[in-house]
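K.L.:
Pasting query.txt here (compact mmCIF, C-alpha atoms):
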```txt
# COMPACT_ATOMS: atom_id res chain seq x y z
CA MET A 23 101.26 66.19 104.51
CA ILE A 24 104.67 65.72 102.97
CA ASN A 25 103.76 63.49 100.01
CA LEU A 26 101.49 64.86 97.30
CA SER A 27 99.31 62.73 95.07
CA MET A 28 99.96 62.69 91.35
CA GLU A 29 96.66 64.51 90.72
CA THR A 30 97.53 67.35 93.08
CA ALA A 31 101.06 67.67 91.75
CA ARG A 32 99.80 67.79 88.18
CA VAL A 33 97.10 70.38 88.84
CA ASP A 34 99.44 72.59 90.85
CA ARG A 35 101.90 73.20 88.04
CA GLU A 36 102.60 76.91 87.68
CA PRO A 37 104.10 77.10 84.15
CA ASP A 38 101.87 77.28 81.09
CA LYS A 39 100.87 73.80 79.95
CA PHE A 40 100.39 72.60 76.38
CA LEU A 41 97.39 70.40 75.70
CA GLY A 42 97.03 69.42 72.07
CA HIS A 43 97.48 72.49 69.89
CA PHE A 44 96.33 75.01 72.53
CA GLU A 45 98.25 76.61 75.32
CA VAL A 46 96.53 76.90 78.68
CA LEU A 47 97.21 80.42 79.93
CA ASN A 48 98.51 80.99 83.42
CA PRO A 49 96.31 83.75 84.98
CA ARG A 50 99.27 84.98 87.02
CA ALA A 51 101.61 85.37 84.06
CA PRO A 52 102.60 89.04 83.66
CA TRP A 53 101.38 89.37 80.08
CA VAL A 54 98.06 87.72 80.95
CA ARG A 55 97.57 90.21 83.79
CA ARG A 56 98.32 93.08 81.41
CA TRP A 57 95.81 91.72 78.90
CA GLN A 58 93.15 91.40 81.62
CA LEU A 59 93.77 95.00 82.68
CA ALA A 60 93.47 96.17 79.06
CA THR A 61 90.22 94.22 78.75
CA LEU A 62 88.85 95.98 81.81
CA VAL A 63 89.64 99.34 80.23
CA LEU A 64 87.78 98.23 77.09
CA CYS A 65 84.79 97.06 79.15
CA PHE A 66 84.63 100.44 80.89
CA ALA A 67 84.89 102.23 77.55
CA ALA A 68 82.10 100.09 76.07
CA SER A 69 79.78 100.74 79.04
CA ILE A 70 80.44 104.48 78.65
CA LEU A 71 80.28 104.82 74.86
CA ALA A 72 77.08 102.79 74.34
CA PRO A 73 74.75 105.19 76.22
CA PHE A 74 76.73 108.21 74.96
CA GLN A 75 76.02 107.20 71.37
CA ALA A 76 72.35 106.56 72.06
CA ALA A 77 71.90 109.94 73.77
CA PHE A 78 74.29 112.37 72.13
CA ASP A 79 76.28 111.26 69.12
CA TYR A 80 75.02 108.38 66.97
CA GLU A 81 76.22 109.87 63.67
CA SER A 82 79.99 110.00 64.26
CA LEU A 83 81.73 107.53 61.94
CA HIS A 84 84.92 107.52 64.01
CA LEU A 85 82.97 106.57 67.12
CA TRP A 86 81.34 103.65 65.32
CA VAL A 87 84.75 102.38 64.25
CA VAL A 88 85.99 102.56 67.85
CA VAL A 89 83.03 100.72 69.39
CA TYR A 90 83.13 97.89 66.85
CA ALA A 91 86.88 97.54 67.36
CA ILE A 92 86.18 97.20 71.10
CA ASP A 93 83.59 94.51 70.31
CA LEU A 94 86.14 92.58 68.28
CA LEU A 95 88.75 92.68 71.05
CA PHE A 96 86.19 91.69 73.66
CA ALA A 97 85.08 88.71 71.55
CA LEU A 98 88.73 87.67 71.35
CA ASP A 99 88.99 87.87 75.14
CA VAL A 100 85.87 85.72 75.55
CA GLY A 101 87.56 83.10 73.40
CA CYS A 102 90.67 83.28 75.58
CA GLN A 103 88.56 82.55 78.68
CA PHE A 104 88.13 78.96 77.44
CA PHE A 105 91.92 78.47 77.65
CA THR A 106 92.77 80.46 80.80
CA GLY A 107 93.49 78.46 83.93
CA PHE A 108 92.07 79.34 87.31
CA ARG A 109 93.01 78.81 90.93
CA ALA A 110 90.91 76.56 93.15
CA HIS A 111 91.88 75.83 96.76
CA ASN A 112 95.23 77.50 96.11
CA HIS A 113 95.97 75.18 93.17
CA LEU A 114 96.30 76.17 89.53
CA VAL A 115 93.83 74.18 87.42
CA THR A 116 95.09 73.63 83.87
CA GLN A 117 92.70 70.96 82.58
CA LEU A 118 90.67 72.22 79.64
CA PRO A 119 87.43 70.34 80.52
CA TYR A 120 87.42 71.88 84.01
CA ILE A 121 88.26 75.34 82.66
CA ARG A 122 85.44 75.28 80.09
CA GLU A 123 82.93 73.81 82.51
CA ARG A 124 83.66 76.50 85.09
CA TYR A 125 83.39 79.33 82.56
CA LEU A 126 80.24 78.07 80.85
CA PHE A 127 78.23 77.04 83.90
CA THR A 128 79.15 79.82 86.34
CA ALA A 129 76.36 82.36 86.05
CA SER A 130 78.56 85.37 86.77
CA LEU A 131 81.14 84.48 84.07
CA PHE A 132 79.80 83.37 80.69
CA LEU A 133 76.22 84.64 80.79
CA PRO A 134 77.03 88.38 81.14
CA ASP A 135 79.69 88.09 78.43
CA LEU A 136 77.21 86.35 76.13
CA LEU A 137 74.46 88.91 76.71
CA SER A 138 76.84 91.78 75.99
CA LEU A 139 77.84 90.18 72.68
CA LEU A 140 74.34 89.44 71.37
CA PRO A 141 74.08 90.92 67.83
CA LEU A 142 71.04 93.07 68.51
CA ASP A 143 72.48 95.38 65.87
CA LEU A 144 70.63 93.25 63.31
CA VAL A 145 67.34 94.78 64.48
CA ALA A 146 68.44 98.11 63.01
CA LEU A 147 68.72 96.60 59.52
CA GLY A 148 64.93 96.77 59.13
CA SER A 149 64.71 100.38 60.25
CA PHE A 150 64.17 103.38 58.02
CA ARG A 151 67.30 104.98 56.68
CA GLU A 152 66.84 108.29 58.49
CA THR A 153 66.49 106.59 61.91
CA GLY A 154 68.65 103.55 61.29
CA LEU A 155 71.72 104.80 63.19
CA LEU A 156 69.64 105.89 66.17
CA VAL A 157 67.96 102.50 66.39
CA LEU A 158 71.37 100.86 66.03
CA ALA A 159 72.68 102.90 68.96
CA TYR A 160 69.69 101.82 71.09
CA CYS A 161 70.21 98.18 70.16
CA ARG A 162 73.82 98.36 71.32
CA LEU A 163 72.93 99.33 74.89
CA ASN A 164 73.46 95.71 75.91
CA ARG A 165 77.21 96.53 75.80
CA MET A 166 76.70 98.20 79.18
CA ILE A 167 76.49 94.70 80.70
CA ARG A 168 80.28 94.51 80.32
CA PHE A 169 80.55 96.73 83.37
CA TRP A 170 79.89 93.52 85.30
CA ARG A 171 83.47 92.51 84.45
CA ILE A 172 84.72 95.53 86.40
CA ILE A 173 82.51 94.73 89.39
CA ARG A 174 83.77 91.14 89.38
CA TYR A 175 87.39 92.28 89.10
CA PHE A 176 87.23 94.60 92.10
CA SER A 177 85.42 91.94 94.13
CA ALA A 178 88.31 89.55 93.50
CA LEU A 179 90.86 92.31 94.09
CA GLU A 180 89.55 93.05 97.58
CA ASN A 181 90.00 89.37 98.50
CA ASP A 182 93.61 89.40 97.34
CA LEU A 183 95.88 89.52 100.39
CA PHE A 184 98.71 91.17 98.47
CA THR A 185 96.73 94.12 97.12
CA SER A 186 96.27 97.43 98.88
CA THR A 187 92.66 97.47 100.06
CA SER A 188 92.55 101.26 100.36
CA LEU A 189 93.86 101.79 96.82
CA SER A 190 91.52 99.22 95.27
CA ARG A 191 88.50 100.72 97.05
CA ALA A 192 89.44 104.23 95.98
CA CYS A 193 89.71 103.14 92.34
CA LYS A 194 86.45 101.21 92.61
CA PHE A 195 84.48 104.15 93.98
CA LEU A 196 85.97 106.50 91.41
CA LEU A 197 84.90 104.25 88.52
CA TYR A 198 81.48 103.49 90.00
CA ILE A 199 80.63 107.13 90.65
CA SER A 200 81.95 108.26 87.26
CA ALA A 201 79.92 105.61 85.43
CA THR A 202 76.77 106.36 87.43
CA ILE A 203 76.97 110.10 86.76
CA HIS A 204 77.58 109.43 83.06
CA TRP A 205 74.61 107.06 82.72
CA LEU A 206 72.24 109.41 84.53
CA ALA A 207 73.39 112.33 82.36
CA CYS A 208 72.64 110.31 79.23
CA ILE A 209 69.16 109.40 80.49
CA TRP A 210 68.51 113.04 81.44
CA TRP A 211 69.31 114.20 77.93
CA LEU A 212 67.22 111.42 76.36
CA ILE A 213 64.19 112.54 78.39
CA GLY A 214 64.32 115.96 76.73
CA CYS A 215 65.79 115.05 73.37
CA ARG A 216 65.17 111.62 71.85
CA GLY A 217 66.74 112.17 68.46
CA ASN A 218 64.22 114.93 67.67
CA CYS A 219 64.14 117.37 70.60
CA VAL A 220 60.68 118.25 71.91
CA THR A 221 59.66 121.81 72.67
CA ASP A 222 58.44 121.28 76.25
CA ALA A 223 61.61 119.57 77.47
CA TRP A 224 63.77 120.72 80.37
CA TYR A 225 66.50 122.07 78.04
CA SER A 226 64.15 124.77 76.74
CA ASN A 227 64.45 126.69 80.02
CA VAL A 228 67.53 127.59 82.04
CA SER A 229 66.32 130.11 84.59
CA GLY A 230 62.62 129.33 84.40
CA LYS A 231 61.84 132.64 82.65
CA PRO A 232 62.58 132.37 78.92
CA ASP A 233 61.69 135.24 76.63
CA ALA A 234 58.13 134.71 75.45
CA ALA A 235 58.81 135.97 71.92
CA THR A 236 62.24 134.58 71.09
CA GLY A 237 62.74 131.81 73.66
CA ALA A 238 66.10 133.33 74.62
CA GLY A 239 67.56 132.21 77.90
CA GLY A 240 67.05 128.50 77.35
CA VAL A 241 69.66 125.82 77.43
CA ALA A 242 68.97 125.29 73.75
CA ASP A 243 70.74 128.59 73.11
CA GLU A 244 73.86 127.25 74.87
CA VAL A 245 73.87 123.84 73.14
CA THR A 246 76.17 124.54 70.23
CA SER A 247 77.80 121.09 70.07
CA THR A 248 77.51 117.58 71.36
CA MET A 249 80.06 118.30 74.06
CA SER A 250 78.17 121.32 75.38
CA ALA A 251 74.99 119.23 75.61
CA TYR A 252 76.90 116.52 77.45
CA ILE A 253 78.46 119.01 79.90
CA ILE A 254 75.06 120.52 80.70
CA SER A 255 73.65 117.06 81.43
CA ILE A 256 76.65 116.19 83.61
CA TYR A 257 76.21 119.50 85.44
CA TRP A 258 72.57 118.75 86.22
CA THR A 259 73.39 115.19 87.34
CA VAL A 260 76.18 116.24 89.71
CA THR A 261 74.12 119.04 91.28
CA SER A 262 71.10 116.77 91.69
CA ILE A 263 73.05 113.90 93.23
CA THR A 264 75.05 116.03 95.65
CA SER A 265 72.21 118.43 96.50
CA THR A 266 68.74 119.41 95.26
CA GLY A 267 70.14 121.40 92.34
CA TYR A 268 70.37 125.14 91.79
CA GLY A 269 67.23 125.69 89.69
CA ASP A 270 69.01 126.87 86.54
CA VAL A 271 68.45 123.45 84.93
CA ARG A 272 65.30 121.84 86.24
CA ALA A 273 62.59 119.36 85.36
CA ILE A 274 59.56 120.62 83.41
CA SER A 275 57.68 117.58 82.12
CA THR A 276 56.19 114.84 84.28
CA GLY A 277 58.76 112.30 83.11
CA SER A 278 61.69 114.56 83.93
CA ARG A 279 60.24 115.33 87.38
CA VAL A 280 59.87 111.63 88.20
CA PHE A 281 63.41 111.00 87.06
CA SER A 282 64.68 113.96 89.14
CA ILE A 283 63.06 112.52 92.28
CA PHE A 284 64.70 109.18 91.61
CA VAL A 285 68.13 110.79 91.08
CA MET A 286 67.91 112.91 94.24
CA PHE A 287 66.94 110.00 96.48
CA GLY A 288 69.43 107.72 94.78
CA GLY A 289 72.14 110.35 95.24
CA LEU A 290 71.52 110.46 98.97
CA GLY A 291 72.01 106.71 99.25
CA LEU A 292 75.00 106.65 96.90
CA PHE A 293 76.98 109.35 98.63
CA GLY A 294 76.00 108.04 102.04
CA TYR A 295 77.47 104.68 101.07
CA VAL A 296 80.59 106.31 99.62
CA LEU A 297 81.19 108.46 102.70
CA GLY A 298 80.70 105.46 104.97
CA SER A 299 83.15 103.41 102.92
CA ILE A 300 85.72 106.22 102.99
CA ALA A 301 85.39 106.47 106.77
CA SER A 302 85.80 102.70 107.06
CA ALA A 303 88.88 102.78 104.83
CA ILE A 304 90.45 105.53 106.93
CA ALA A 305 89.72 103.59 110.12
CA ASN A 306 91.27 100.42 108.67
CA ALA A 307 94.32 102.33 107.49
CA GLU A 308 94.90 103.58 111.05
CA ALA A 309 94.15 100.24 112.73
CA GLN A 310 97.81 99.40 113.34
CA ILE A 311 98.76 102.70 114.95
CA THR A 312 95.53 102.61 116.99
CA MET A 313 96.45 99.20 118.43
CA TYR A 314 99.97 100.43 119.17
CA LYS A 315 98.61 103.48 120.97
CA GLU A 316 96.36 101.25 123.06
CA LYS A 317 99.41 99.21 124.06
CA ILE A 318 101.31 102.35 125.07
CA ASN A 319 98.33 103.62 127.08
CA VAL A 320 98.24 100.33 129.02
CA ILE A 321 101.96 100.66 129.76
CA ARG A 322 101.50 104.25 130.90
CA ARG A 323 98.65 103.32 133.23
CA TYR A 324 100.77 100.53 134.66
CA MET A 325 103.67 102.92 135.36
CA GLU A 326 101.30 105.39 136.98
CA ALA A 327 99.83 102.66 139.17
CA GLN A 328 103.31 101.54 140.23
CA HIS A 329 104.44 105.14 140.83
CA ILE A 330 107.33 104.87 138.38
CA PRO A 331 109.51 108.04 138.48
CA LYS A 332 108.99 110.47 135.63
CA SER A 333 112.60 110.14 134.43
CA MET A 334 112.20 106.38 134.07
CA SER A 335 108.76 106.61 132.46
CA ASP A 336 110.19 109.08 129.94
CA ARG A 337 112.84 106.51 129.02
CA VAL A 338 110.12 103.89 128.48
CA ASN A 339 108.08 106.28 126.33
CA LYS A 340 111.12 107.18 124.24
CA TYR A 341 111.87 103.50 123.70
CA TYR A 342 108.40 102.73 122.34
CA GLU A 343 108.47 105.87 120.26
CA TYR A 344 111.77 104.78 118.72
CA LEU A 345 110.43 101.25 118.24
CA TRP A 346 107.52 102.63 116.23
CA PHE A 347 109.84 104.84 114.20
CA ARG A 348 112.10 101.91 113.30
CA ASN A 349 109.67 99.10 112.48
CA ARG A 350 106.15 100.49 113.03
CA GLY A 351 105.82 98.38 116.16
CA ILE A 352 106.11 95.06 114.32
CA GLU A 353 107.97 92.28 116.09
CA GLY A 354 109.67 90.06 113.53
CA LYS A 355 109.88 87.01 115.78
CA THR A 356 106.12 87.06 116.40
CA ILE A 357 105.38 87.28 112.66
CA LEU A 358 107.40 84.13 111.89
CA GLU A 359 105.85 81.97 114.61
CA ASP A 360 103.02 80.69 112.40
CA MET A 361 105.39 79.51 109.63
CA PRO A 362 106.67 75.92 109.41
CA LEU A 363 110.22 75.34 110.65
CA SER A 364 111.77 75.03 107.18
CA LEU A 365 110.21 78.24 105.89
CA ARG A 366 110.90 80.09 109.14
CA SER A 367 114.57 79.08 109.02
CA ASP A 368 114.89 80.25 105.40
CA VAL A 369 113.37 83.65 106.21
CA SER A 370 115.48 84.02 109.37
CA LEU A 371 118.63 83.09 107.45
CA HIS A 372 117.92 85.73 104.83
CA VAL A 373 117.31 88.39 107.50
CA ASN A 374 120.23 87.55 109.81
CA GLN A 375 122.89 86.03 107.56
CA HIS A 376 124.62 89.32 106.80
CA ILE A 377 124.75 90.04 110.55
CA ILE A 378 126.28 86.65 111.41
CA GLU A 379 128.83 86.87 108.59
CA LYS A 380 130.26 90.05 110.15
CA VAL A 381 131.27 88.11 113.28
CA PRO A 382 134.78 86.57 112.92
CA LEU A 383 133.79 83.81 115.37
CA PHE A 384 131.41 82.28 112.81
CA THR A 385 133.56 82.69 109.72
CA GLY A 386 133.73 79.46 107.74
CA THR A 387 130.99 77.66 109.68
CA GLU A 388 128.47 75.44 107.90
CA VAL A 389 125.26 76.83 106.49
CA ALA A 390 123.19 74.48 108.65
CA PHE A 391 124.75 75.95 111.79
CA ILE A 392 124.14 79.51 110.61
CA ARG A 393 120.55 78.59 109.73
CA MET A 394 119.84 77.24 113.22
CA LEU A 395 121.66 80.17 114.84
CA SER A 396 119.52 82.64 112.90
CA LEU A 397 116.38 81.02 114.36
CA VAL A 398 117.36 81.91 117.93
CA MET A 399 118.52 85.43 117.15
CA LYS A 400 116.25 88.20 118.38
CA PRO A 401 116.49 91.85 117.32
CA VAL A 402 116.85 94.23 120.27
CA LEU A 403 116.83 98.03 120.14
CA PHE A 404 118.58 100.29 122.66
CA LEU A 405 118.23 104.04 122.91
CA PRO A 406 121.34 106.24 123.07
CA ARG A 407 123.04 106.25 126.51
CA GLU A 408 121.11 103.15 127.61
CA TYR A 409 123.05 100.43 129.46
CA VAL A 410 122.99 97.00 127.86
CA ILE A 411 124.57 95.06 130.76
CA ARG A 412 126.23 96.11 134.00
CA LYS A 413 129.00 94.60 136.11
CA GLY A 414 127.64 91.76 138.20
CA ASP A 415 124.73 90.93 135.87
CA ILE A 416 124.29 87.24 135.00
CA GLY A 417 125.02 86.91 131.31
CA ARG A 418 122.63 84.65 129.41
CA GLU A 419 122.84 86.30 125.99
CA MET A 420 125.43 87.12 123.37
CA PHE A 421 124.98 90.45 121.62
CA PHE A 422 125.97 91.07 117.98
CA ILE A 423 126.12 94.71 116.98
CA HIS A 424 124.30 95.22 113.70
CA ARG A 425 124.04 99.00 113.62
CA GLY A 426 125.49 101.71 115.84
CA SER A 427 128.18 101.41 118.51
CA VAL A 428 128.57 100.31 122.15
CA GLN A 429 131.01 101.77 124.68
CA VAL A 430 132.68 99.74 127.46
CA VAL A 431 132.88 102.10 130.45
CA ALA A 432 134.30 101.96 133.98
CA GLU A 433 132.21 101.93 137.13
CA ASP A 434 132.32 105.72 137.24
CA TYR A 435 130.41 105.68 133.92
CA THR A 436 132.79 108.27 132.41
CA THR A 437 136.02 106.40 131.60
CA VAL A 438 135.73 104.61 128.24
CA TYR A 439 137.83 101.46 127.88
CA ALA A 440 136.75 100.49 124.35
CA GLU A 441 134.16 101.18 121.71
CA LEU A 442 132.53 98.33 119.76
CA SER A 443 130.96 98.88 116.37
CA SER A 444 129.06 96.98 113.68
CA GLY A 445 130.28 93.38 113.45
CA ASP A 446 131.61 93.20 117.02
CA PHE A 447 130.04 91.01 119.69
CA PHE A 448 130.06 90.70 123.46
CA GLY A 449 128.31 88.78 126.20
```
Here is a file; write its structure as structure tokens.
P.N.:
Amino acid sequence: MINLSMETARVDREPDKFLGHFEVLNPRAPWVRRWQLATLVLCFAASILAPFQAAFDYESLHLWVVVYAIDLLFALDVGCQFFTGFRAHNHLVTQLPYIRERYLFTASLFLPDLLSLLPLDLVALGSFRETGLLVLAYCRLNRMIRFWRIIRYFSALENDLFTSTSLSRACKFLLYISATIHWLACIWWLIGCRGNCVTDAWYSNVSGKPDAATGAGGVADEVTSTMSAYIISIYWTVTSITSTGYGDVRAISTGSRVFSIFVMFGGLGLFGYVLGSIASAIANAEAQITMYKEKINVIRRYMEAQHIPKSMSDRVNKYYEYLWFRNRGIEGKTILEDMPLSLRSDVSLHVNQHIIEKVPLFTGTEVAFIRMLSLVMKPVLFLPREYVIRKGDIGREMFFIHRGSVQVVAEDYTTVYAELSSGDFFG
């Protein structure tokens, strides 16, 4: 349709719109995109730091300052969601009632943000002083729900036509695997050391044969800092997920054994899914060249069936090889066929205008004529020493030389009468 209703025209406005005292944010504005990316980094940090504090380091004052600063910034972002427009049916919606209704009543938007902001920290106020920080760290585990923001972001990113699917999937798998390994490592340490480490935990034995008198040889001897404890837990998680472990760090209690079984089976499924996704990504990345090879194979079989001489078939193969080298086998005219006439003429004019302007015959002509001429122009590639036209051929085309040169030769194919270069035309 050519005419748009007033409602559609108003909703489809791209610039930021002022309603009352608040500015409706355009989700495609560069600074809004940067803020969303920063928020995702904060969500990932919150989902990582919450279990790390509960398992390893709940006494660090600097870490508490960081996590509460992240909470403050995330709360600010939640407030911004009530004033951020969204796209529906390829239109930008900037009406505040619609924006708030969508955010509040879409289960995957407001509810996870609300649950991750619940002040469960207040439960720790009634705890004893010596365990207050540990209880506070446990109560803050709901911050891990913010990882849902990352899942939602990558889901939307994969549906974006202008984003590299391979790159987005690679980043997604890297974050997912890193977060999963981190969470499992934190749980593994909590099983053996819940604030006050128990004596029969897995960390009391590295090789399975500690010294009976001194206990030497246990992981406890190696744990000299929070980071060393974390690295040991990460080591066990990686070895258990990718294999069955090496036996130097192994489960001892019933709880740790059950958890080890879960991690090993879960690791098989996780890495099976990752490897399958990587194989699919590689196959999709090579889809274009695979289709082009199939086309060449069909042409080769045709030439074999028609008993085409080898010299001529080599020329055909070289042509398609050069065509792939120049434009990866993409035919520009075919790409533009689905566009409306006005858009197709604009794109064709942009592509061919500099070629037409080199031709003295069209100097000073109207833009409308050049626009229509660009629509009927077709790019043609010729290999070196290929003949464009011969004497006696019926001429139906005019050739404009965009790149390279063309020689006009006699019938003996050796005498050169003239040489045409870029900007010249014939036909």
K.L.:
Against range 201-212 of chain A, which residues of range 59-160 of chain A fall within 12 Å? For each one I want the closest pair of atoms and the distance in Å (one decimal), counting only C-alpha atoms, rows by chain and increasing residue number, as CSV.
P.N.:
```
residue,atom,partner,partner_atom,distance
A:Cys65,CA,A:Ala201,CA,11.7
A:Phe66,CA,A:Ala201,CA,8.3
A:Ala67,CA,A:Ala201,CA,9.9
A:Ala68,CA,A:Ala201,CA,11.1
A:Ser69,CA,A:Ala201,CA,8.0
A:Ile70,CA,A:Ala201,CA,6.9
A:Leu71,CA,A:His204,CA,9.8
A:Ala72,CA,A:Trp205,CA,9.7
A:Pro73,CA,A:Cys208,CA,6.3
A:Phe74,CA,A:Cys208,CA,6.3
A:Gln75,CA,A:Cys208,CA,9.1
A:Ala76,CA,A:Cys208,CA,8.1
A:Ala77,CA,A:Cys208,CA,5.5
A:Phe78,CA,A:Cys208,CA,7.6
A:Asp79,CA,A:Cys208,CA,10.8
A:Leu156,CA,A:Leu212,CA,11.8
A:Tyr160,CA,A:Leu212,CA,11.2
```
K.L.:
Write the residues of the preceding selection, restricted to C-alpha atoms, as a compact mmCIF listing (two decimals), keeping the file's coordinate frame.
P.N.:
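File again-v7.txt, as written:
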```txt
# COMPACT_ATOMS: atom_id res chain seq x y z
CA CYS A 65 84.79 97.06 79.15
CA PHE A 66 84.63 100.44 80.89
CA ALA A 67 84.89 102.23 77.55
CA ALA A 68 82.10 100.09 76.07
CA SER A 69 79.78 100.74 79.04
CA ILE A 70 80.44 104.48 78.65
CA LEU A 71 80.28 104.82 74.86
CA ALA A 72 77.08 102.79 74.34
CA PRO A 73 74.75 105.19 76.22
CA PHE A 74 76.73 108.21 74.96
CA GLN A 75 76.02 107.20 71.37
CA ALA A 76 72.35 106.56 72.06
CA ALA A 77 71.90 109.94 73.77
CA PHE A 78 74.29 112.37 72.13
CA ASP A 79 76.28 111.26 69.12
CA LEU A 156 69.64 105.89 66.17
CA TYR A 160 69.69 101.82 71.09
```
K.L.:
Using all atoms listed in the file, which of the listed residues (A:Ala110, A:Leu64, A:Leu365, A:Leu442) sits closest to Val88 in chain A?
P.N.:
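Checking each candidate against Val88 in chain A, we get A:Leu64 as the closest.
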K.L.:
Got a sec: who's within 9 Å of range 117-121 of chain A, counting only C-alpha atoms, leaving out chain neighbours fewer than 2 positions off, as a list in words?
P.N.:
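With the cut-off at 9 Å, the set is Val33, Leu41, Val46, Gln103, Phe104, Phe105, Thr106, Gly107, Phe108, Val115, Glu123, Arg124, Tyr125 and Leu126 of chain A.
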K.L.:
Rank nothing, just name the residue among A:Leu158, A:Leu114, A:Val369, A:Leu47 nearest to Trp86 in chain A, using all atoms listed in the file.
P.N.:
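Closest to Trp86 in chain A, using all atoms listed in the file: A:Leu158.
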K.L.:
Need the shell around range 414-419 of chain A: protein/DNA/RNA residues with any atom at most 12 Å away, counting only C-alpha atoms. Skip same-chain ones fewer than 4 positions apart. Format as a PDB file with C-alpha atoms, in the coordinates of the input?
P.N.:
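File produced: selection-v2.pdb:
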```pdb
ATOM      1  CA  VAL A 398     117.360  81.910 117.930  1.00  0.00           C
ATOM      2  CA  MET A 399     118.520  85.430 117.150  1.00  0.00           C
ATOM      3  CA  LYS A 400     116.250  88.200 118.380  1.00  0.00           C
ATOM      4  CA  VAL A 402     116.850  94.230 120.270  1.00  0.00           C
ATOM      5  CA  TYR A 409     123.050 100.430 129.460  1.00  0.00           C
ATOM      6  CA  VAL A 410     122.990  97.000 127.860  1.00  0.00           C
ATOM      7  CA  GLU A 433     132.210 101.930 137.130  1.00  0.00           C
ATOM      8  CA  PHE A 447     130.040  91.010 119.690  1.00  0.00           C
ATOM      9  CA  PHE A 448     130.060  90.700 123.460  1.00  0.00           C
ATOM     10  CA  GLY A 449     128.310  88.780 126.200  1.00  0.00           C
TER      11      GLY A 449
END
```
K.L.:
Could you give me, as a PyMOL selection string, the residues that sit within 12 Å of (109.6, 102.7, 128.7) in the file's coordinates, counting all atoms listed in the file?
P.N.:
chain A and resi 317-325+330-345+404-405+408
K.L.:
Which of these residues is nearest to Leu140 in chain A, using only C-alpha atoms: A:Ser177, A:Ser200, A:Thr385, A:Asn164?
P.N.:
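Among the listed residues, A:Asn164 lies closest to Leu140 in chain A.
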K.L.:
Using all atoms listed in the file, determine which residues lie at most 8 Å from Ala146 in chain A, disregarding the query and same-chain residues fewer than 6 positions distant; provide the list as a VMD selection string.
P.N.:
chain A and resid 154 to 155 157 to 158 161
K.L.:
Give me, please, the distance in Å between CA of His372 in chain A and CA of Val389 in chain A, quoted to one decimal.
P.N.:
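CA of Val389 in chain A lies 11.7 Å from CA of His372 in chain A.
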K.L.:
Do you have the CA of Gly291 in chain A-CA of Ser138 in chain A distance handy?
P.N.:
28.1 Å
K.L.:
Anything within 12 Å of (111.5, 84.3, 108.4): list those residues as a ChimeraX atom specification, counting only C-alpha atoms and sticking to the file's coordinates.
P.N.:
/A:353-375,393-394,396-400
K.L.:
Quick one: contact table of range 153-178 of chain A to range 95-102 of chain A, 12 Å max, nearest atom pair and distance in Å to one decimal per residue, counting all atoms listed in the file, chain and number order, as a Markdown table?
P.N.:
```
| residue | atom | partner | partner_atom | distance |
| --- | --- | --- | --- | --- |
| A:Arg165 | CA | A:Phe96 | CA | 10.4 |
| A:Arg168 | CA | A:Phe96 | CA | 9.3 |
| A:Arg171 | CA | A:Phe96 | CA | 11.2 |
```
K.L.:
Which distance in Å separates CA of Leu197 in chain A and CA of Thr259 in chain A, to one decimal?
P.N.:
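Value for the CA of Leu197 in chain A-CA of Thr259 in chain A distance: 15.9 Å.
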